[in-house]
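> Got a structure for you, model.txt, holding compact mmCIF, C-alpha atoms.
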```
# COMPACT_ATOMS: atom_id res chain seq x y z
CA MET G 1 53.03 164.90 106.23
CA GLU G 2 55.94 164.70 108.50
CA PHE G 3 57.78 161.49 109.41
CA THR G 4 59.74 160.73 112.47
CA ARG G 5 63.42 159.91 112.22
CA ALA G 6 62.67 156.22 112.78
CA GLU G 7 60.05 156.17 110.03
CA ARG G 8 62.48 157.79 107.56
CA ALA G 9 65.14 155.21 108.39
CA GLY G 10 62.67 152.39 107.76
CA GLN G 11 61.75 153.83 104.39
CA ALA G 12 65.44 153.95 103.37
CA VAL G 13 65.86 150.29 104.24
CA ILE G 14 62.85 149.30 102.11
CA VAL G 15 64.21 151.29 99.10
CA ALA G 16 67.65 149.65 99.41
CA VAL G 17 66.15 146.17 99.58
CA ALA G 18 64.03 146.88 96.50
CA LEU G 19 67.07 148.10 94.58
CA VAL G 20 69.10 144.99 95.41
CA PHE G 21 66.18 142.77 94.31
CA ALA G 22 65.85 144.62 91.00
CA VAL G 23 69.57 144.24 90.25
CA ALA G 24 69.42 140.53 91.02
CA VAL G 25 66.43 139.97 88.75
CA PHE G 26 68.07 141.89 85.88
CA GLY G 27 71.26 139.84 86.19
CA PHE G 28 69.35 136.57 86.15
CA VAL G 29 67.37 137.53 83.07
CA PHE G 30 70.53 138.68 81.26
CA ARG G 31 72.38 135.42 82.06
CA VAL G 32 69.49 133.31 80.86
CA GLY G 33 69.30 135.23 77.58
CA ARG G 34 73.03 134.94 76.95
CA SER G 35 72.97 131.21 77.73
CA ALA G 36 70.19 130.71 75.20
CA GLU G 37 72.16 132.55 72.54
CA ASP G 38 75.25 130.48 73.28
CA ALA G 39 73.27 127.26 73.11
CA GLY G 40 72.02 128.16 69.63
CA ALA G 41 75.59 128.64 68.16
CA SER G 42 77.47 125.63 66.65
CA PRO G 43 80.91 126.69 65.33
CA GLY G 44 82.64 123.99 63.21
CA PRO G 45 86.29 122.87 63.38
CA SER G 46 88.87 125.29 61.97
CA ALA G 47 92.60 125.67 61.58
CA GLY G 48 92.66 128.55 64.07
CA ALA G 49 95.27 129.29 66.67
CA THR G 50 93.97 126.56 68.98
CA ALA G 51 93.81 123.79 66.33
CA LYS G 52 96.81 121.48 66.16
CA ALA G 53 98.28 121.03 62.68
CA PRO G 54 99.36 117.50 61.71
CA GLU G 55 103.01 116.75 61.15
CA ILE G 56 103.62 116.17 57.41
CA ALA G 57 106.80 114.43 56.17
CA PHE G 58 107.76 114.32 52.48
CA THR G 59 109.85 111.67 50.72
CA HIS G 60 111.18 113.12 47.48
CA ASP G 61 114.07 111.39 45.70
CA THR G 62 116.84 113.71 44.37
CA CYS G 63 115.42 116.65 46.34
CA CYS G 64 116.22 119.47 46.66
CA ALA G 65 119.07 121.34 44.84
CA GLN G 66 119.16 119.33 41.56
CA THR G 67 115.74 117.75 41.70
CA ALA G 68 114.41 115.56 38.91
CA ARG G 69 112.15 117.52 36.58
CA PHE G 70 109.45 114.86 36.84
CA PHE G 71 107.87 115.72 40.19
CA HIS G 72 106.66 112.69 42.10
CA ALA G 73 106.84 112.36 45.87
CA THR G 74 105.07 110.73 48.80
CA TRP G 75 103.85 112.21 52.09
CA GLN G 76 102.94 110.93 55.54
CA SER G 77 100.76 112.56 58.18
CA SER G 78 100.64 112.20 61.95
CA ALA G 79 96.83 112.61 61.82
CA ARG G 80 94.20 111.03 59.59
CA VAL G 81 93.63 113.08 56.42
CA THR G 82 90.27 113.09 54.64
CA SER G 83 91.35 115.05 51.55
CA ALA G 84 94.46 116.65 50.05
CA LYS G 85 95.01 119.31 47.42
CA LEU G 86 98.24 120.30 45.64
CA THR G 87 99.22 123.68 44.24
CA VAL G 88 102.60 124.17 42.51
CA THR G 89 104.14 127.62 42.14
CA PRO G 90 105.09 128.82 39.59
CA ASP G 91 102.29 127.17 37.64
CA PRO G 92 103.88 124.52 35.37
CA GLY G 93 101.06 124.72 32.84
CA PHE G 94 99.86 121.13 33.26
CA ALA G 95 98.02 119.08 35.86
CA CYS G 96 99.42 118.55 39.36
CA ASP G 97 97.51 116.63 41.99
CA ALA G 98 97.67 114.93 45.39
CA ALA G 99 96.08 111.68 46.52
CA VAL G 100 95.26 110.07 49.87
CA ASP G 101 95.49 106.31 50.35
CA ALA G 102 92.90 104.20 52.16
CA THR G 103 94.56 104.59 55.59
CA GLY G 104 94.29 108.37 55.44
CA THR G 105 97.79 108.78 56.87
CA LYS G 106 99.82 108.89 53.66
CA GLY G 107 99.59 109.60 49.96
CA THR G 108 101.29 110.88 46.83
CA LEU G 109 101.74 114.18 45.05
CA GLY G 110 103.13 115.06 41.65
CA CYS G 111 102.70 116.56 38.20
CA ALA G 112 101.93 115.10 34.78
CA GLY G 113 104.88 116.49 32.80
CA LEU G 114 108.51 117.60 33.10
CA LEU G 115 108.92 120.83 35.05
CA LYS G 116 111.02 123.72 33.79
CA GLY G 117 114.71 123.29 34.54
CA ALA G 118 116.84 125.26 37.01
CA THR G 119 113.71 126.74 38.61
CA ASP G 120 112.69 127.20 42.25
CA PHE G 121 109.30 125.60 42.87
CA VAL G 122 107.05 125.42 45.93
CA ALA G 123 104.63 122.52 46.19
CA ARG G 124 101.88 123.46 48.67
CA LEU G 125 100.03 120.45 50.03
CA SER G 126 96.77 121.37 51.79
CA VAL G 127 95.51 118.53 53.97
CA THR G 128 92.12 118.40 55.68
CA THR G 129 91.78 116.64 59.04
CA ALA G 130 89.12 116.65 61.76
CA ALA G 131 90.76 119.78 63.15
CA GLY G 132 90.63 121.78 59.92
CA THR G 133 92.60 122.40 56.73
CA PHE G 134 96.34 123.01 56.93
CA PRO G 135 98.77 124.05 54.15
CA VAL G 136 102.33 122.68 54.16
CA ASP G 137 105.01 123.98 51.77
CA HIS G 138 107.62 121.76 50.12
CA PRO G 139 110.26 123.84 48.26
CA PHE G 140 112.73 122.42 45.73
CA LYS G 141 114.82 123.48 42.75
CA THR G 142 114.84 121.47 39.54
CA MET G 143 118.06 120.36 37.83
CA GLY G 144 119.45 122.31 34.90
CA ASP G 145 120.32 120.78 31.55
CA THR G 146 123.52 119.27 32.98
CA LEU G 147 124.10 117.74 36.40
CA THR G 148 126.89 119.28 38.46
CA GLY G 149 129.02 117.54 41.06
CA VAL G 150 129.28 114.24 39.18
CA LYS G 151 132.64 112.92 40.39
CA TRP G 152 134.68 111.09 37.75
CA PHE G 153 136.58 107.82 38.23
CA THR G 154 139.01 106.11 35.85
CA GLU G 155 138.72 102.56 34.59
CA PHE G 156 142.54 102.29 34.69
CA GLU G 157 143.09 101.82 38.42
CA ASP G 158 145.94 99.60 37.28
CA PRO G 159 147.58 101.54 34.42
CA ALA G 160 148.94 98.27 33.03
CA GLY G 161 145.62 96.41 33.27
CA ASP G 162 143.23 95.37 30.51
CA PRO G 163 140.53 97.93 29.56
CA LEU G 164 137.59 95.88 30.81
CA ALA G 165 136.36 98.06 33.69
CA CYS G 166 134.77 100.95 31.77
CA ALA G 167 131.18 100.01 32.75
CA ALA G 168 132.33 99.24 36.29
CA ALA G 169 133.94 102.69 36.58
CA SER G 170 130.72 104.26 35.29
CA CYS G 171 128.80 102.30 37.93
CA ARG G 172 131.14 103.84 40.49
CA ILE G 173 130.49 107.34 39.09
CA ILE G 174 126.72 106.85 39.27
CA GLN G 175 126.86 105.22 42.70
CA PHE G 176 128.82 108.08 44.22
CA TYR G 177 126.55 110.74 42.70
CA THR G 178 123.27 109.11 43.72
CA THR G 179 124.26 108.02 47.23
CA GLY G 180 127.38 109.97 48.22
CA LYS G 181 129.05 106.64 49.01
CA ASP G 182 132.04 104.97 47.34
CA PRO G 183 132.17 101.42 48.76
CA LEU G 184 133.92 99.66 45.85
CA THR G 185 136.65 100.42 43.34
CA ALA G 186 135.97 99.86 39.64
CA GLN G 187 137.92 96.61 39.76
CA ALA G 188 135.92 95.42 42.77
CA ILE G 189 132.67 96.30 40.99
CA LEU G 190 133.85 94.35 37.95
CA ASP G 191 134.81 91.35 40.06
CA THR G 192 131.52 91.45 41.98
CA GLY G 193 129.33 92.09 38.97
CA ARG G 194 130.54 89.34 36.64
CA GLN G 195 128.52 86.72 38.51
CA PHE G 196 125.35 88.55 37.41
CA ASN G 197 126.14 88.44 33.69
CA LYS G 198 123.48 86.83 31.52
CA SER G 199 125.92 86.46 28.65
CA ASN G 200 129.53 85.58 27.88
CA ASP G 201 130.65 89.22 28.00
CA PRO G 202 134.28 89.59 29.21
CA GLY G 203 133.27 92.65 31.23
CA LEU G 204 129.78 93.51 32.53
CA ASP G 205 126.67 93.12 30.39
CA PRO G 206 123.56 95.34 30.84
CA ALA G 207 121.86 92.89 33.22
CA ALA G 208 124.93 92.72 35.44
CA ILE G 209 125.38 96.51 35.41
CA ALA G 210 121.84 97.11 36.67
CA THR G 211 122.09 94.32 39.25
CA VAL G 212 125.39 95.40 40.76
CA MET G 213 124.19 99.01 41.07
CA GLN G 214 121.14 97.92 43.05
CA ARG G 215 123.29 95.59 45.15
CA MET G 216 125.49 98.56 46.07
CA ASP G 217 122.45 100.63 47.09
CA ALA G 218 118.84 99.43 47.13
CA ARG G 219 117.57 102.96 46.41
CA ASN G 220 118.91 102.73 42.85
CA HIS G 221 116.48 101.07 40.45
CA TYR G 222 118.37 100.97 37.16
CA HIS G 223 117.07 98.90 34.24
CA TYR G 224 118.20 98.59 30.65
CA TYR G 225 116.07 99.71 27.69
CA ARG G 226 116.57 98.73 24.03
CA PHE G 227 115.95 100.89 20.95
CA ASP G 228 115.96 100.29 17.22
CA THR G 229 117.72 103.55 16.35
CA ARG G 230 120.51 105.65 17.82
CA GLU G 231 118.26 108.70 17.65
CA ASP G 232 115.57 107.11 19.84
CA ALA G 233 118.22 105.89 22.29
CA THR G 234 119.68 109.39 22.55
CA LEU G 235 116.37 111.19 23.04
CA ALA G 236 115.32 108.56 25.60
CA SER G 237 118.61 109.04 27.45
CA VAL G 238 117.96 112.77 27.78
CA TYR G 239 114.36 112.15 28.81
CA TRP G 240 115.34 109.72 31.56
CA LEU G 241 118.13 112.02 32.74
CA LEU G 242 115.56 114.78 33.29
CA ARG G 243 112.86 112.46 34.61
CA SER G 244 115.06 110.70 37.16
CA GLY G 245 117.58 113.42 37.98
CA LYS G 246 120.26 110.72 37.82
CA PRO G 247 123.02 109.97 35.29
CA VAL G 248 122.31 107.59 32.43
CA MET G 249 124.73 104.94 31.18
CA VAL G 250 124.82 104.57 27.40
CA ILE G 251 126.17 101.31 25.98
CA SER G 252 128.38 102.45 23.10
CA LEU G 253 131.25 101.12 20.96
CA ALA G 254 129.00 98.35 19.57
CA GLY G 255 128.20 97.19 23.10
CA GLN G 256 131.71 97.30 24.60
CA HIS G 257 131.81 100.69 26.34
CA GLY G 258 129.67 102.54 28.89
CA PRO G 259 130.08 106.33 29.14
CA VAL G 260 127.93 108.34 31.56
CA LEU G 261 125.44 110.80 30.05
CA MET G 262 124.97 113.64 32.55
CA GLY G 263 123.57 116.46 30.44
CA PHE G 264 122.57 117.79 27.04
CA GLN G 265 122.54 120.95 24.95
CA GLY G 266 119.49 122.25 23.15
CA THR G 267 115.89 122.35 24.36
CA TYR G 268 113.57 119.79 25.92
CA GLY G 269 109.86 120.31 26.50
CA THR G 270 107.43 118.75 28.96
CA TYR G 271 107.18 115.19 27.59
CA TYR G 272 109.05 112.69 25.42
CA ASP G 273 107.41 113.46 22.08
CA ASP G 274 107.09 117.22 22.68
CA PRO G 275 107.58 119.06 19.34
CA ALA G 276 109.74 121.56 21.23
CA ASN G 277 112.42 118.92 21.84
CA ASN G 278 115.65 119.75 20.01
CA VAL G 279 118.75 118.05 21.38
CA THR G 280 121.91 119.30 19.64
CA ALA G 281 124.59 117.67 21.84
CA VAL G 282 125.02 115.33 24.77
CA VAL G 283 127.32 115.89 27.75
CA VAL G 284 129.24 112.84 28.93
CA GLU G 285 131.90 111.65 31.34
CA ASP G 286 134.14 108.87 30.02
CA PRO G 287 136.17 106.60 32.36
CA GLN G 288 138.78 105.95 29.66
CA ARG G 289 139.04 109.14 27.65
CA GLY G 290 139.20 111.28 30.77
CA ASP G 291 142.31 109.39 31.95
CA LEU G 292 145.32 111.58 31.13
CA ASP G 293 147.96 109.29 32.66
CA PRO G 294 150.68 108.78 29.99
CA ARG G 295 150.90 105.11 31.02
CA THR G 296 147.38 104.44 29.68
CA GLN G 297 147.68 106.28 26.37
CA SER G 298 148.42 103.11 24.40
CA HIS G 299 144.74 102.13 24.66
CA ARG G 300 143.01 103.57 21.60
CA PRO G 301 145.56 106.29 20.87
CA ASP G 302 143.43 107.27 17.86
CA LYS G 303 140.79 108.76 20.21
CA TYR G 304 141.44 112.15 21.76
CA ARG G 305 141.48 112.50 25.53
CA THR G 306 140.67 115.63 27.45
CA GLN G 307 140.02 116.93 30.96
CA GLY G 308 136.47 117.62 29.81
CA PHE G 309 135.66 113.92 30.01
CA GLN G 310 136.21 114.17 33.78
CA THR G 311 133.72 117.01 34.28
CA GLY G 312 131.30 116.72 31.35
CA GLN G 313 132.36 116.90 27.69
CA PRO G 314 129.82 118.13 25.11
CA ILE G 315 129.62 115.83 22.08
CA GLY G 316 127.73 117.14 19.05
CA LEU G 317 125.28 114.75 17.43
CA THR G 318 127.36 114.45 14.26
CA GLU G 319 130.18 112.92 16.29
CA TRP G 320 127.81 111.09 18.65
CA TYR G 321 126.03 109.34 15.81
CA GLY G 322 129.01 108.96 13.49
CA ASP G 323 131.93 107.86 15.66
CA GLU G 324 132.22 104.15 16.39
CA TRP G 325 133.33 105.00 19.93
CA TRP G 326 129.83 106.35 20.52
CA LEU G 327 126.68 105.23 18.66
CA ARG G 328 127.76 104.62 15.08
CA PHE G 329 127.16 100.89 15.53
CA ALA G 330 124.46 98.96 17.39
CA TYR G 331 125.21 96.33 20.01
CA ALA G 332 127.21 93.59 18.27
CA SER G 333 127.50 89.86 18.91
CA PRO G 334 129.79 88.05 18.44
CA ILE G 335 132.80 90.30 19.08
CA ARG G 336 136.39 89.71 18.04
CA MET G 337 138.78 89.07 20.92
CA PRO G 338 142.46 90.16 21.04
CA ASP G 339 143.54 86.65 20.02
CA GLY G 340 141.37 86.86 16.88
CA SER G 341 138.62 84.52 18.10
CA LEU G 342 134.91 85.39 17.98
CA ARG G 343 132.99 85.52 21.25
CA PRO G 344 129.17 85.69 21.48
CA VAL G 345 128.05 88.31 24.01
CA ASP G 346 124.28 88.46 23.51
CA ARG G 347 121.93 87.43 26.31
CA THR G 348 121.58 83.67 26.33
CA ASP G 349 119.91 82.75 29.65
CA GLY G 350 116.58 82.00 28.00
CA ALA G 351 114.67 84.89 29.60
CA TYR G 352 114.08 86.52 26.20
CA PRO G 353 114.11 85.42 22.55
CA THR G 354 117.41 85.96 20.75
CA PRO G 355 118.83 88.15 19.43
CA HIS G 356 118.11 90.37 22.40
CA TRP G 357 120.77 93.07 22.79
CA ALA G 358 122.39 92.37 19.44
CA GLY G 359 121.29 94.85 16.78
CA LYS G 360 119.84 97.28 19.34
CA PHE G 361 120.98 100.48 21.04
CA VAL G 362 120.97 99.98 24.80
CA ILE G 363 120.85 102.45 27.70
CA LEU G 364 120.57 102.02 31.49
CA VAL G 365 118.36 104.40 33.48
CA ASP G 366 116.85 104.70 36.94
CA ASP G 367 113.15 104.23 36.17
CA ALA G 368 112.13 103.99 39.87
CA ASP G 369 110.54 100.58 39.23
CA ALA G 370 111.21 98.70 42.46
CA GLU G 371 109.01 95.76 41.48
CA ASN G 372 110.87 94.75 38.31
CA PRO G 373 114.08 92.77 39.03
CA PRO G 374 117.20 94.70 37.96
CA ASP G 375 118.37 92.00 35.56
CA ARG G 376 115.19 92.35 33.47
CA GLU G 377 114.42 94.80 30.69
CA GLY G 378 112.77 98.05 31.80
CA GLN G 379 108.98 98.08 31.59
CA VAL G 380 108.02 101.70 32.26
CA LYS G 381 106.03 103.14 29.33
CA PHE G 382 107.03 106.69 28.60
CA HIS G 383 106.13 107.28 24.93
```
Let's see the structure in the file written out as structure tokens.

Amino acid sequence: MEFTRAERAGQAVIVAVALVFAVAVFGFVFRVGRSAEDAGASPGPSAGATAKAPEIAFTHDTCCAQTARFFHATWQSSARVTSAKLTVTPDPGFACDAAVDATGTKGTLGCAGLLKGATDFVARLSVTTAAGTFPVDHPFKTMGDTLTGVKWFTEFEDPAGDPLACAAASCRIIQFYTTGKDPLTAQAILDTGRQFNKSNDPGLDPAAIATVMQRMDARNHYHYYRFDTREDATLASVYWLLRSGKPVMVISLAGQHGPVLMGFQGTYGTYYDDPANNVTAVVVEDPQRGDLDPRTQSHRPDKYRTQGFQTGQPIGLTEWYGDEWWLRFAYASPIRMPDGSLRPVDRTDGAYPTPHWAGKFVILVDDADAENPPDREGQVKFH
């Protein structure tokens, strides 16, 4: 059959229209199928590239070059957190955990024991929010067995003055190390602190020492602790040094001196009564015996002086326990004054039964207890 040119042109038009219709139908069916598939998917929230991570801020006292070996810190989040998990690397070998408070915007993190000294750690806090789970790293290095950078000050700011400012000078040493500030001389600390004495001490008693240090900087929470034996006082001093990352003041010379304990020699494990603990020496700075000025040598010339007492002098336990300058004798009251009279120096304000300090070995430590007033005995249980 033959077709005219007009008939063939009409047939071409019909074929073209049919082809366009078929393409349109196929596209519609394909779009409907894809829309159905998309409607059936329900991806959950994730911490992908489009999810916004919360801002996490850590507050960690003594961080981060000579950090306390007892890891305890707080965190805050810019978004509400439903759960938090802590991982510490390297693994310390005991429990570490994180907690979220009721608001969901802050919490705590820490470990149960003392971390290994002079070690780089990374605390990874993984927080879960509505947008997903996000890890945040907090690196720090723990302190070694002896603190470095503890600046020494003398108690003899007036070489001709009376030797009554030893504890005040030690307060100045601790204040400068913990805050980097030096607002008062030893004499000014002594003059300021005497009003806080709870006894008739001619210098500063333990309650006044703790109070004046907190008055100088509210971040310091020093309290005094009493012990029945010199051995317990020494081991507790080392424990609190490592736990707080801050120097410890030891009340020595039967209650009339206050050297700064800043380190130890030997080994110390992960808790106070750890069988691995073996302290063989303490490292101290002494505001009097580090003073090499010839004009002050008339004060206790029987006791050697050395530059080491300005930077950290190791004292073996035989000397530490046996020399009356250190811990041979417990806190004494009354004491004999230069004129020969006896002066009672035990606590007498009625806050505690007497004797209180007398007959005990006393140390002052930062126990981080902000609730307990500084003039009261420390209450933190650690063994």
> Give me the segment 226-276 of chain G side of the contact with segment 69-89 of chain G, cut-off 8 Å, one line per residue showing its nearest atom pair and distance in Å at one decimal, counting only C-alpha atoms, sorted by chain and residue number, as a tab-separated table.

```
residue	atom	partner	partner_atom	distance
G:Leu242	CA	G:Arg69	CA	5.5
G:Arg243	CA	G:Phe70	CA	4.7
G:Ser244	CA	G:Phe70	CA	7.0
G:Gly245	CA	G:Arg69	CA	6.9
```
> From the list G:Leu125, G:Ser252, G:Gly378, G:Gly258, which residue is nearest Thr108 of chain G when using all atoms listed in the file?
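Among the listed residues, G:Leu125 lies closest to Thr108 of chain G.
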> Just to confirm, what's the straight-line distance from atom CA of Arg230 of chain G to atom CA of Thr142 of chain G in Å (one decimal)?
27.5 Å
> Atom CA of Thr179 of chain G and atom CA of His223 of chain G are how many Å apart?
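About the pair atom CA of Thr179 of chain G and atom CA of His223 of chain G: they are 17.4 Å apart.
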> Using Å and a single decimal, report how far atom CA of Gly308 of chain G sits from atom CA of Lys360 of chain G.
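Atom CA of Gly308 of chain G lies at a distance of 28.3 Å from atom CA of Lys360 of chain G.
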> Within 12 Å of segment 336-340 of chain G, counting only C-alpha atoms, which residues qualify if same-chain residues fewer than 6 places away don't, as a ChimeraX atom specification?
/G:162-163,201-202,254,256
> Contacts of segment 181-184 of chain G at 8 Å or less, counting only C-alpha atoms, minus same-chain residues fewer than 6 places along, as a CSV table (one decimal) with C-alpha atoms, in the coordinates of the input?

```csv
chain,number,residue,atom,x,y,z
G,172,ARG,CA,131.1,103.8,40.5
G,175,GLN,CA,126.9,105.2,42.7
G,216,MET,CA,125.5,98.6,46.1
```
> So that I can see what lies close to Ala281 of chain G, please list as a PDB file with C-alpha atoms, keeping the file's coordinate frame the residues with an atom at most 6 Å from it, counting only C-alpha atoms and leaving out residues fewer than 4 positions away in the same chain.

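What landed in result_27.pdb:
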```pdb
ATOM      1  CA  PHE G 264     122.570 117.790  27.040  1.00  0.00           C
ATOM      2  CA  GLN G 265     122.540 120.950  24.950  1.00  0.00           C
ATOM      3  CA  ILE G 315     129.620 115.830  22.080  1.00  0.00           C
ATOM      4  CA  GLY G 316     127.730 117.140  19.050  1.00  0.00           C
ATOM      5  CA  LEU G 317     125.280 114.750  17.430  1.00  0.00           C
TER       6      LEU G 317
END
```
> Closest to Leu109 of chain G among G:Pro247, G:Gly203, G:Ser126, G:Gly144, using only C-alpha atoms?
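Using only C-alpha atoms, the shortest distance to Leu109 of chain G belongs to G:Ser126.
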> Near Asp367 of chain G, counting all atoms listed in the file, which residues have an atom at most 12 Å away, once you skip same-chain residues fewer than 4 positions from it, shown as a PyMOL selection string?
chain G and resi 61+68+70+210+219-225+236-237+239-248+363+371-374+377-382
> Can I get the selected residues back with C-alpha atoms, as a PDB file, in the frame of the given file?

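Saved file result36.pdb follows:
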```pdb
ATOM      1  CA  ASP G  61     114.070 111.390  45.700  1.00  0.00           C
ATOM      2  CA  ALA G  68     114.410 115.560  38.910  1.00  0.00           C
ATOM      3  CA  PHE G  70     109.450 114.860  36.840  1.00  0.00           C
ATOM      4  CA  ALA G 210     121.840  97.110  36.670  1.00  0.00           C
ATOM      5  CA  ARG G 219     117.570 102.960  46.410  1.00  0.00           C
ATOM      6  CA  ASN G 220     118.910 102.730  42.850  1.00  0.00           C
ATOM      7  CA  HIS G 221     116.480 101.070  40.450  1.00  0.00           C
ATOM      8  CA  TYR G 222     118.370 100.970  37.160  1.00  0.00           C
ATOM      9  CA  HIS G 223     117.070  98.900  34.240  1.00  0.00           C
ATOM     10  CA  TYR G 224     118.200  98.590  30.650  1.00  0.00           C
ATOM     11  CA  TYR G 225     116.070  99.710  27.690  1.00  0.00           C
ATOM     12  CA  ALA G 236     115.320 108.560  25.600  1.00  0.00           C
ATOM     13  CA  SER G 237     118.610 109.040  27.450  1.00  0.00           C
ATOM     14  CA  TYR G 239     114.360 112.150  28.810  1.00  0.00           C
ATOM     15  CA  TRP G 240     115.340 109.720  31.560  1.00  0.00           C
ATOM     16  CA  LEU G 241     118.130 112.020  32.740  1.00  0.00           C
ATOM     17  CA  LEU G 242     115.560 114.780  33.290  1.00  0.00           C
ATOM     18  CA  ARG G 243     112.860 112.460  34.610  1.00  0.00           C
ATOM     19  CA  SER G 244     115.060 110.700  37.160  1.00  0.00           C
ATOM     20  CA  GLY G 245     117.580 113.420  37.980  1.00  0.00           C
ATOM     21  CA  LYS G 246     120.260 110.720  37.820  1.00  0.00           C
ATOM     22  CA  PRO G 247     123.020 109.970  35.290  1.00  0.00           C
ATOM     23  CA  VAL G 248     122.310 107.590  32.430  1.00  0.00           C
ATOM     24  CA  ILE G 363     120.850 102.450  27.700  1.00  0.00           C
ATOM     25  CA  GLU G 371     109.010  95.760  41.480  1.00  0.00           C
ATOM     26  CA  ASN G 372     110.870  94.750  38.310  1.00  0.00           C
ATOM     27  CA  PRO G 373     114.080  92.770  39.030  1.00  0.00           C
ATOM     28  CA  PRO G 374     117.200  94.700  37.960  1.00  0.00           C
ATOM     29  CA  GLU G 377     114.420  94.800  30.690  1.00  0.00           C
ATOM     30  CA  GLY G 378     112.770  98.050  31.800  1.00  0.00           C
ATOM     31  CA  GLN G 379     108.980  98.080  31.590  1.00  0.00           C
ATOM     32  CA  VAL G 380     108.020 101.700  32.260  1.00  0.00           C
ATOM     33  CA  LYS G 381     106.030 103.140  29.330  1.00  0.00           C
ATOM     34  CA  PHE G 382     107.030 106.690  28.600  1.00  0.00           C
TER      35      PHE G 382
END
```
> Counting all atoms listed in the file, figure out which residue out of G:Thr178, G:Thr103, G:Ser199, G:Thr128 gets nearest to Gln214 of chain G.
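Closest to Gln214 of chain G of all the choices is G:Thr178.
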> Around (129.6, 97.0, 23.8), as given in the file, which residues come within 10 Å? Count only C-alpha atoms and list them as a list in words.
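Residues lying no farther than 10 Å from the given point: Ala167, Asp201, Gly203, Leu204, Asp205, Pro206, Val250, Ile251, Ser252, Leu253, Ala254, Gly255, Gln256, His257, Gly258, Trp325, Trp326, Phe329, Ala330, Tyr331, Ala332, Ser333, Ile335, Val345, Trp357, Ala358, Phe361 and Val362 of chain G.
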> Need to verify the contact set: Tyr304 of chain G, 12 Å, all atoms listed in the file, exclusion of same-chain residues closer than 4 positions in sequence. Can you return it as a ChimeraX atom specification?
/G:286,288-292,297-300,308-309,313,325
> Could you tell me which of G:Lys198, G:Arg347, G:His60, G:Lys106 comes closest to Ala123 of chain G if we count all atoms listed in the file?
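Between G:Lys198, G:Arg347, G:His60, G:Lys106, the residue approaching Ala123 of chain G most closely is G:His60.
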> Would you please work out which residue, of G:Thr311, G:Asn200, G:Thr154, G:Thr280, is nearest to Pro334 of chain G when using all atoms listed in the file?
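Of the candidates, the smallest distance to Pro334 of chain G is held by G:Asn200.
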> Taking the point (125.8, 119.0, 34.6) as given in the file, collect each protein or nucleic acid residue that comes within 9 Å of it, counting all atoms listed in the file, and present the set as a list in words.
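With a cut-off of 9 Å, the residues come to Met143, Gly144, Asp145, Thr146, Leu147, Thr148, Gly149, Val150, Met262, Gly263, Phe264, Val283, Thr311 and Gly312 of chain G.
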> Quick one: of G:Val136, G:Val365, G:Val238, G:Ala102, who's nearest to Ile56 of chain G, counting all atoms listed in the file?
G:Val136
